[in-house]
>>> print(open('coords_18.csv').read())   # CSV, C-alpha atoms
chain,number,residue,atom,x,y,z
S,1,MET,CA,9.7,-3.0,27.5
S,2,GLY,CA,7.6,-0.7,29.8
S,3,ILE,CA,5.0,-0.3,27.1
S,4,LYS,CA,4.5,-4.0,26.7
S,5,GLU,CA,4.1,-4.6,30.4
S,6,ALA,CA,1.7,-1.7,30.6
S,7,LEU,CA,-0.4,-3.2,27.8
S,8,GLU,CA,-0.3,-6.6,29.4
S,9,SER,CA,-1.3,-5.1,32.8
S,10,SER,CA,-4.1,-3.2,31.1
S,11,TYR,CA,-5.5,-6.2,29.3
S,12,LYS,CA,-5.4,-8.3,32.4
S,13,GLU,CA,-8.5,-6.4,33.5
S,14,VAL,CA,-10.3,-7.2,30.2
S,15,LYS,CA,-12.1,-10.5,30.3
S,16,THR,CA,-12.0,-12.0,26.8
S,17,PRO,CA,-15.3,-13.5,25.7
S,18,GLU,CA,-16.0,-17.2,26.0
S,19,GLY,CA,-18.6,-17.9,23.4
S,20,VAL,CA,-16.8,-16.8,20.3
S,21,GLU,CA,-16.4,-20.3,18.9
S,22,TYR,CA,-20.1,-21.1,19.3
S,23,ARG,CA,-21.1,-17.7,17.9
S,24,VAL,CA,-18.9,-18.2,14.8
S,25,LEU,CA,-20.1,-21.7,14.2
S,26,SER,CA,-23.8,-20.7,14.5
S,27,GLN,CA,-23.1,-17.8,12.1
S,28,ILE,CA,-21.6,-20.2,9.6
S,29,GLU,CA,-24.6,-22.6,10.0
S,30,LYS,CA,-27.0,-19.7,9.4
S,31,HIS,CA,-24.9,-18.6,6.4
S,32,LYS,CA,-25.0,-22.1,4.9
S,33,ARG,CA,-28.7,-22.4,5.5
S,34,ARG,CA,-29.3,-19.1,3.8
S,35,ARG,CA,-27.1,-20.1,0.9
S,36,TRP,CA,-29.0,-23.5,0.5
S,37,MET,CA,-32.3,-21.6,0.6
S,38,LYS,CA,-31.1,-19.3,-2.1
S,39,ILE,CA,-30.0,-22.2,-4.3
S,40,ALA,CA,-33.3,-24.1,-3.6
S,41,PHE,CA,-35.2,-21.0,-4.5
S,42,ALA,CA,-33.3,-20.5,-7.7
S,43,GLU,CA,-33.8,-24.2,-8.6
S,44,MET,CA,-37.5,-24.0,-7.9
S,45,PHE,CA,-37.8,-20.8,-9.9
S,46,LEU,CA,-36.0,-22.5,-12.8
S,47,ILE,CA,-38.3,-25.6,-12.5
S,48,VAL,CA,-41.4,-23.4,-12.5
S,49,VAL,CA,-40.2,-21.5,-15.6
S,50,VAL,CA,-39.3,-24.7,-17.5
S,51,ALA,CA,-42.6,-26.4,-16.5
S,52,SER,CA,-44.6,-23.2,-17.5
S,53,VAL,CA,-42.8,-23.2,-20.9
S,54,ALA,CA,-43.5,-26.9,-21.4
S,55,LEU,CA,-47.1,-26.6,-20.4
S,56,PHE,CA,-47.6,-23.6,-22.6
S,57,ALA,CA,-46.0,-25.4,-25.5
S,58,PHE,CA,-48.2,-28.5,-24.8
S,59,PHE,CA,-51.5,-26.6,-24.6
S,60,LYS,CA,-50.9,-23.9,-27.1
S,61,PRO,CA,-53.2,-24.3,-30.1
S,62,ALA,CA,-51.1,-25.2,-33.2
S,63,GLU,CA,-50.9,-22.3,-35.6
S,64,TYR,CA,-49.9,-24.5,-38.4
S,65,GLU,CA,-49.3,-28.2,-39.0
S,66,THR,CA,-45.7,-29.1,-39.3
S,67,MET,CA,-45.1,-31.0,-42.5
S,68,GLY,CA,-42.0,-32.7,-41.4
S,69,VAL,CA,-39.9,-34.7,-43.9
S,70,SER,CA,-42.9,-36.1,-45.8
S,71,GLU,CA,-44.0,-32.7,-47.2
S,72,ALA,CA,-44.4,-32.8,-50.9
S,73,VAL,CA,-45.5,-30.7,-53.9
S,74,VAL,CA,-47.4,-32.5,-56.6
S,75,LYS,CA,-48.2,-31.0,-60.0
S,76,VAL,CA,-51.8,-31.8,-60.9
S,77,VAL,CA,-54.3,-31.1,-63.6
S,78,ILE,CA,-58.0,-30.9,-63.2
S,79,LYS,CA,-59.8,-33.2,-65.6
S,80,GLU,CA,-63.3,-31.9,-65.1
S,81,ASP,CA,-64.7,-28.5,-64.7
S,82,ILE,CA,-65.1,-28.3,-60.9
S,83,SER,CA,-65.5,-25.3,-58.6
S,84,LEU,CA,-62.1,-24.2,-57.3
S,85,ARG,CA,-63.6,-23.1,-54.1
S,86,LYS,CA,-65.0,-26.6,-53.5
S,87,LEU,CA,-61.7,-28.1,-54.4
S,88,SER,CA,-59.9,-25.7,-52.0
S,89,GLU,CA,-62.4,-26.7,-49.2
S,90,GLU,CA,-61.8,-30.4,-49.9
S,91,LEU,CA,-58.0,-29.8,-49.7
S,92,THR,CA,-58.4,-28.0,-46.4
S,93,LYS,CA,-59.9,-31.1,-45.0
S,94,TYR,CA,-56.7,-32.9,-45.8
S,95,ASN,CA,-54.5,-30.0,-44.6
S,96,LEU,CA,-53.3,-29.4,-48.2
S,97,THR,CA,-52.9,-26.2,-50.1
S,98,ILE,CA,-53.2,-25.5,-53.8
S,99,GLU,CA,-51.4,-23.0,-56.0
S,100,GLY,CA,-52.1,-22.1,-59.6
S,101,PRO,CA,-53.0,-22.3,-62.3
S,102,TYR,CA,-49.7,-22.3,-64.0
S,103,ASP,CA,-50.2,-23.1,-67.7
S,104,GLY,CA,-53.3,-25.1,-66.9
S,105,SER,CA,-51.8,-27.0,-64.0
S,106,PHE,CA,-51.8,-26.6,-60.2
S,107,TYR,CA,-49.5,-27.5,-57.4
S,108,ILE,CA,-50.8,-29.2,-54.4
S,109,SER,CA,-48.5,-29.1,-51.4
S,110,GLY,CA,-48.7,-30.9,-48.0
S,111,ASP,CA,-48.1,-34.3,-46.5
S,112,GLU,CA,-47.2,-36.8,-49.1
S,113,GLU,CA,-49.6,-39.4,-47.7
S,114,LYS,CA,-52.5,-37.0,-47.6
S,115,ILE,CA,-51.9,-35.9,-51.1
S,116,LYS,CA,-52.0,-39.6,-52.2
S,117,GLU,CA,-55.2,-40.1,-50.2
S,118,PHE,CA,-56.7,-37.0,-51.7
S,119,LEU,CA,-55.9,-38.0,-55.3
S,120,GLU,CA,-57.3,-41.5,-54.8
S,121,LYS,CA,-60.6,-40.1,-53.6
S,122,HIS,CA,-60.8,-37.3,-56.2
S,123,LYS,CA,-60.3,-38.9,-59.6
S,124,ASN,CA,-61.0,-35.6,-61.4
S,125,VAL,CA,-57.7,-34.3,-60.1
S,126,VAL,CA,-54.8,-36.2,-61.7
S,127,ALA,CA,-51.1,-36.0,-60.9
S,128,VAL,CA,-48.8,-35.3,-63.7
S,129,LYS,CA,-45.1,-35.7,-64.0
S,130,GLU,CA,-42.6,-33.1,-62.7
S,131,ASN,CA,-42.8,-34.0,-59.1
S,132,LYS,CA,-41.0,-31.3,-57.0
S,133,GLN,CA,-39.8,-32.4,-53.6
O,1,MET,CA,8.6,-20.7,11.9
O,2,GLU,CA,6.9,-24.1,12.7
O,3,GLY,CA,4.1,-22.2,14.4
O,4,LYS,CA,3.6,-20.1,11.3
O,5,MET,CA,3.5,-23.2,9.1
O,6,ASP,CA,0.9,-24.8,11.4
O,7,GLU,CA,-1.2,-21.7,11.2
O,8,VAL,CA,-0.8,-21.6,7.4
O,9,ALA,CA,-2.0,-25.3,7.4
O,10,LEU,CA,-4.9,-24.3,9.6
O,11,ILE,CA,-6.0,-21.5,7.2
O,12,ARG,CA,-5.6,-23.9,4.3
O,13,GLY,CA,-7.8,-26.4,6.2
O,14,VAL,CA,-10.4,-23.6,6.9
O,15,ALA,CA,-10.4,-22.9,3.1
O,16,LYS,CA,-11.3,-26.5,2.5
O,17,GLY,CA,-14.2,-26.2,4.9
O,18,ASP,CA,-12.5,-28.0,7.9
O,19,GLU,CA,-14.4,-27.0,10.9
O,20,GLU,CA,-11.8,-28.4,13.3
O,21,ALA,CA,-9.2,-26.2,11.8
O,22,LEU,CA,-11.4,-23.2,12.3
O,23,LYS,CA,-12.0,-24.1,15.9
O,24,LYS,CA,-8.2,-24.4,16.4
O,25,LEU,CA,-7.6,-21.1,14.8
O,26,ILE,CA,-10.3,-19.5,17.0
O,27,ARG,CA,-8.7,-20.9,20.1
O,28,LEU,CA,-5.3,-19.6,19.0
O,29,TYR,CA,-6.3,-16.1,18.0
O,30,LYS,CA,-9.6,-15.2,19.7
O,31,ASP,CA,-8.0,-13.4,22.7
O,32,ARG,CA,-5.5,-11.6,20.6
O,33,VAL,CA,-8.1,-10.5,18.0
O,34,PHE,CA,-10.5,-9.5,20.8
O,35,LEU,CA,-7.9,-7.3,22.5
O,36,TYR,CA,-6.9,-5.7,19.2
O,37,VAL,CA,-10.5,-4.8,18.2
O,38,TYR,CA,-11.3,-3.8,21.8
O,39,GLY,CA,-8.5,-1.3,21.5
O,40,LEU,CA,-10.2,0.1,18.4
O,41,LEU,CA,-13.8,-0.1,19.4
O,42,ARG,CA,-13.6,0.5,23.2
O,43,ASN,CA,-16.8,-1.4,23.7
O,44,TYR,CA,-17.1,-4.9,25.0
O,45,GLU,CA,-20.2,-6.0,23.0
O,46,ASP,CA,-19.0,-4.5,19.8
O,47,SER,CA,-15.6,-6.1,20.3
O,48,GLU,CA,-17.2,-9.5,20.9
O,49,GLU,CA,-19.3,-9.1,17.8
O,50,ALA,CA,-16.2,-8.0,15.8
O,51,THR,CA,-14.2,-11.0,17.0
O,52,ALA,CA,-16.9,-13.4,15.9
O,53,GLU,CA,-17.3,-11.6,12.7
O,54,THR,CA,-13.6,-11.7,12.0
O,55,PHE,CA,-13.5,-15.5,12.3
O,56,PHE,CA,-16.6,-15.7,10.2
O,57,GLN,CA,-14.9,-13.6,7.5
O,58,ILE,CA,-11.8,-15.7,7.8
O,59,TRP,CA,-13.9,-18.8,7.2
O,60,ARG,CA,-15.4,-17.1,4.1
O,61,SER,CA,-12.2,-15.7,2.7
O,62,ALA,CA,-9.6,-18.3,3.7
O,63,LYS,CA,-9.3,-19.3,0.0
O,64,LYS,CA,-7.9,-15.9,-0.7
O,65,PHE,CA,-5.0,-16.4,1.7
O,66,LYS,CA,-2.0,-17.1,-0.5
O,67,GLY,CA,0.6,-17.4,2.2
O,68,PHE,CA,2.6,-14.4,1.1
O,69,SER,CA,2.1,-12.7,4.5
O,70,LYS,CA,2.2,-14.1,8.0
O,71,PRO,CA,-1.1,-15.6,9.1
O,72,SER,CA,-1.2,-13.3,12.1
O,73,THR,CA,-0.8,-10.2,9.8
O,74,TRP,CA,-3.6,-11.5,7.5
O,75,ILE,CA,-5.9,-12.2,10.5
O,76,PHE,CA,-5.3,-8.8,12.1
O,77,GLY,CA,-6.0,-7.2,8.7
O,78,VAL,CA,-9.3,-9.0,8.5
O,79,ALA,CA,-10.1,-8.0,12.1
O,80,ARG,CA,-9.2,-4.4,11.3
O,81,ASN,CA,-11.6,-4.3,8.4
O,82,VAL,CA,-14.4,-5.7,10.5
O,83,ALA,CA,-13.7,-3.2,13.3
O,84,MET,CA,-13.7,-0.3,10.8
O,85,ASN,CA,-17.0,-1.5,9.4
O,86,ILE,CA,-18.5,-1.4,12.9
O,87,LEU,CA,-17.1,2.0,13.5
O,88,ARG,CA,-18.5,3.2,10.2
O,89,LYS,CA,-21.9,1.8,11.2
O,90,ARG,CA,-21.6,3.7,14.5
O,91,ARG,CA,-20.9,6.7,12.3
O,92,LYS,CA,-18.1,7.7,14.6
O,93,GLU,CA,-15.1,9.1,13.1
O,94,PHE,CA,-11.9,7.1,13.5
O,95,LYS,CA,-9.4,9.8,13.5
O,96,THR,CA,-5.9,9.0,12.2
O,97,PHE,CA,-2.9,11.2,12.2
O,98,GLU,CA,-1.8,10.9,8.6
O,99,LEU,CA,-1.2,14.6,8.1
O,100,GLU,CA,0.8,14.9,11.2
O,101,ASP,CA,2.6,11.7,10.3
O,102,TRP,CA,4.2,12.3,7.0
O,103,ASP,CA,6.6,15.1,7.4
O,104,SER,CA,7.9,14.3,10.9
O,105,PRO,CA,11.4,13.1,11.6
O,106,VAL,CA,11.7,9.6,12.9
O,107,GLU,CA,13.9,9.4,16.0
O,108,ASP,CA,13.7,7.1,18.9
O,109,VAL,CA,11.6,8.5,21.7
O,110,GLU,CA,12.5,7.6,25.3
O,111,VAL,CA,9.3,6.4,27.0
O,112,PRO,CA,9.3,6.2,30.8
O,113,GLU,CA,9.2,2.8,32.4
O,114,ASN,CA,6.6,3.4,35.0
O,115,VAL,CA,4.1,0.7,34.1
O,116,GLU,CA,1.1,2.2,36.0
O,117,LEU,CA,1.5,5.6,34.5
O,118,LEU,CA,2.1,4.1,31.1
O,119,ARG,CA,-1.1,2.0,31.4
O,120,ARG,CA,-3.1,5.1,32.2
O,121,ALA,CA,-1.4,7.1,29.4
O,122,ILE,CA,-2.2,4.3,26.9
O,123,GLU,CA,-5.9,4.5,27.8
O,124,MET,CA,-5.7,8.2,26.9
O,125,LEU,CA,-4.2,7.7,23.5
O,126,SER,CA,-6.3,8.2,20.3
O,127,PRO,CA,-7.5,4.9,18.7
O,128,ALA,CA,-5.0,5.3,15.8
O,129,HIS,CA,-2.1,5.7,18.2
O,130,ARG,CA,-3.2,3.0,20.5
O,131,GLU,CA,-3.6,0.7,17.6
O,132,VAL,CA,0.0,1.1,16.4
O,133,ILE,CA,1.3,0.8,20.0
O,134,HIS,CA,-0.7,-2.4,20.5
O,135,LEU,CA,0.6,-3.9,17.2
O,136,ALA,CA,4.2,-2.8,17.7
O,137,PHE,CA,4.5,-3.7,21.4
O,138,TYR,CA,1.9,-6.2,22.4
O,139,GLU,CA,1.9,-8.2,19.1
O,140,ASP,CA,5.6,-7.5,18.5
O,141,MET,CA,5.0,-6.8,14.9
O,142,SER,CA,7.5,-5.2,12.6
O,143,TYR,CA,6.8,-1.9,10.8
O,144,SER,CA,6.2,-3.7,7.6
O,145,GLU,CA,3.8,-6.1,9.2
O,146,ILE,CA,1.9,-3.2,10.8
O,147,ALA,CA,1.9,-1.5,7.4
O,148,GLU,CA,0.3,-4.6,5.9
O,149,VAL,CA,-2.4,-4.8,8.6
O,150,LEU,CA,-3.2,-1.1,8.3
O,151,GLY,CA,-2.9,-0.9,4.6
O,152,ILE,CA,-0.6,2.1,4.7
O,153,PRO,CA,3.1,2.7,3.8
O,154,GLU,CA,5.8,1.5,6.2
O,155,ASN,CA,7.1,5.1,6.6
O,156,THR,CA,3.7,6.2,7.7
O,157,VAL,CA,3.7,3.5,10.3
O,158,LYS,CA,7.2,4.5,11.5
O,159,THR,CA,6.1,8.1,12.0
O,160,ARG,CA,2.8,7.1,13.5
O,161,VAL,CA,4.6,5.0,16.1
O,162,PHE,CA,7.0,7.8,16.7
O,163,HIS,CA,4.1,10.2,17.4
O,164,ALA,CA,2.3,7.7,19.5
O,165,LYS,CA,5.4,7.2,21.7
O,166,LYS,CA,6.0,10.9,21.9
O,167,LYS,CA,2.4,11.4,22.9
O,168,LEU,CA,2.7,8.6,25.4
O,169,ARG,CA,5.8,10.3,26.9
O,170,ASP,CA,4.0,13.6,27.2
O,171,LEU,CA,1.0,12.0,28.8
O,172,VAL,CA,3.1,10.2,31.3
O,173,LYS,CA,4.8,13.5,32.2
O,174,GLU,CA,1.4,15.2,32.6
O,175,LEU,CA,0.2,12.4,34.7
O,176,GLU,CA,3.3,12.5,36.8
O,177,ASN,CA,2.9,16.2,37.3
O,178,GLY,CA,-0.7,15.8,38.1
O,179,ASP,CA,0.0,13.1,40.7
O,180,LYS,CA,2.8,15.3,42.3
O,181,GLY,CA,0.4,18.3,42.3
O,182,SER,CA,-2.4,16.4,44.0
O,183,SER,CA,-0.1,14.8,46.6
>>> encode(input="coords_18.csv", output="structure tokens")
Amino acid sequence: MGIKEALESSYKEVKTPEGVEYRVLSQIEKHKRRRWMKIAFAEMFLIVVVASVALFAFFKPAEYETMGVSEAVVKVVIKEDISLRKLSEELTKYNLTIEGPYDGSFYISGDEEKIKEFLEKHKNVVAVKENKQ
Amino acid sequence: MEGKMDEVALIRGVAKGDEEALKKLIRLYKDRVFLYVYGLLRNYEDSEEATAETFFQIWRSAKKFKGFSKPSTWIFGVARNVAMNILRKRRKEFKTFELEDWDSPVEDVEVPENVELLRRAIEMLSPAHREVIHLAFYEDMSYSEIAEVLGIPENTVKTRVFHAKKKLRDLVKELENGDKGSS
């Protein structure tokens, strides 16, 4: 019992602080603010990264044309004796490629519509059966 | 028991972010926490900082309170960790008496009742001894509760309290003799 009384008497002289509540609440506010800032910074960083990737993808020069679902391969024969180089250059204008010869025939590949357009304009190149798609 | 339930509800409230519950908890415990950390730190400003930091840590970790221990035990445990961190920062050694503790017999030590001499003797105790004396006699904690706060085995607490009381008795004797000698 004596010890408890002695402790109580000793602590009577110690004035407990008044501003603990205020101090704790301001510490919590500061903590919350810091946490929000961290989240906001992380979000901003993410937005910047996504925007950069999107911009890069938008402005990046295309390395190749995507053919999509309309890509086709058409077997053709060349009716007249024309320069393959010239033919190849013509095909490039249509974004088409040519392979061959395989037993006297060639394969033109690329967008189906472009192939049709090309064949209509170049009557010396004729599509033959065995259309691979 | 009802008080304990209220305090559990307050901690649960704090865990949910209820500021009013935190304010109530601060009002309930701030003096007790302050006196406890003051006993460890022996510095007013540091103790004030430790008290505020304790409640801030309680606010942050209230979700971890499962209710297995008494709220007071948990709160004093948090306060102790905070005080120890401050002590570590100060790079002062907080000497404990673990080695002296473990092989000593536990008997009851008669402590003189002279409040004034006891008060002076308590001031002269080491922080580790003062801490167990505070928890055992001022906070009326059981050995198991003190063990929980301190994070040490119950037997170590028993022997530490035994040594603290013995030291207290010796110091009171010394003070008595000193007072007699000077008069």
>>> closest_atom_pairs(input="coords_18.csv", of="chain S", to="chain O", cutoff="12 Å", atoms="only C-alpha atoms", output="Markdown table")
| residue | atom | partner | partner_atom | distance |
| --- | --- | --- | --- | --- |
| S:Met1 | CA | O:Glu113 | CA | 7.6 |
| S:Gly2 | CA | O:Glu113 | CA | 4.6 |
| S:Ile3 | CA | O:Leu118 | CA | 6.6 |
| S:Lys4 | CA | O:Phe137 | CA | 5.3 |
| S:Glu5 | CA | O:Val115 | CA | 6.5 |
| S:Ala6 | CA | O:Arg119 | CA | 4.7 |
| S:Leu7 | CA | O:Arg119 | CA | 6.4 |
| S:Glu8 | CA | O:Tyr138 | CA | 7.3 |
| S:Ser9 | CA | O:Arg119 | CA | 7.2 |
| S:Ser10 | CA | O:Arg119 | CA | 6.0 |
| S:Tyr11 | CA | O:Leu35 | CA | 7.3 |
| S:Lys12 | CA | O:Leu35 | CA | 10.3 |
| S:Glu13 | CA | O:Leu35 | CA | 11.1 |
| S:Val14 | CA | O:Leu35 | CA | 8.1 |
| S:Lys15 | CA | O:Asp31 | CA | 9.1 |
| S:Thr16 | CA | O:Asp31 | CA | 5.9 |
| S:Pro17 | CA | O:Glu48 | CA | 6.5 |
| S:Glu18 | CA | O:Lys30 | CA | 9.2 |
| S:Gly19 | CA | O:Glu48 | CA | 8.9 |
| S:Val20 | CA | O:Ala52 | CA | 5.6 |
| S:Glu21 | CA | O:Ile26 | CA | 6.4 |
| S:Tyr22 | CA | O:Ala52 | CA | 9.0 |
| S:Arg23 | CA | O:Ala52 | CA | 6.3 |
| S:Val24 | CA | O:Ala52 | CA | 5.3 |
| S:Leu25 | CA | O:Phe56 | CA | 8.0 |
| S:Ser26 | CA | O:Phe56 | CA | 9.8 |
| S:Gln27 | CA | O:Phe56 | CA | 7.1 |
| S:Ile28 | CA | O:Phe56 | CA | 6.8 |
| S:Glu29 | CA | O:Phe56 | CA | 10.6 |
| S:Lys30 | CA | O:Phe56 | CA | 11.2 |
| S:His31 | CA | O:Phe56 | CA | 9.6 |
| S:Lys32 | CA | O:Arg60 | CA | 10.9 |
>>> residues_around(input="coords_18.csv", residues="segment 82-87 of chain S", least_positions_apart="5", cutoff="12 Å", atoms="all atoms listed in the file", output="list in words")
Val77, Thr92, Lys93, Tyr94, Leu96, Thr97, Ile98, Glu99, Gly100, Pro101, Phe106, Ile108, Phe118, Leu119, His122, Lys123, Asn124 and Val125 of chain S
>>> atom_distance(input="coords_18.csv", atom1="atom CA of Lys121 of chain S", atom2="atom CA of Lys79 of chain S")
13.9 Å
>>> atom_distance(input="coords_18.csv", atom1="atom CA of Glu80 of chain S", atom2="atom CA of Val126 of chain S")
10.1 Å
>>> atom_distance(input="coords_18.csv", atom1="atom CA of Thr73 of chain O", atom2="atom CA of Glu110 of chain O")
27.1 Å
>>> closest_residue(input="coords_18.csv", among="O:Leu150, O:Met124, O:Leu135, O:Leu10", to="Val172 of chain O", atoms="all atoms listed in the file")
O:Met124
>>> residues_around(input="coords_18.csv", residues="Ile11 of chain O", least_positions_apart="6", cutoff="10 Å", atoms="all atoms listed in the file", output="number ranges by chain")
O: 5, 17-18, 21-22, 24-25, 58-59, 61-67, 71, 75
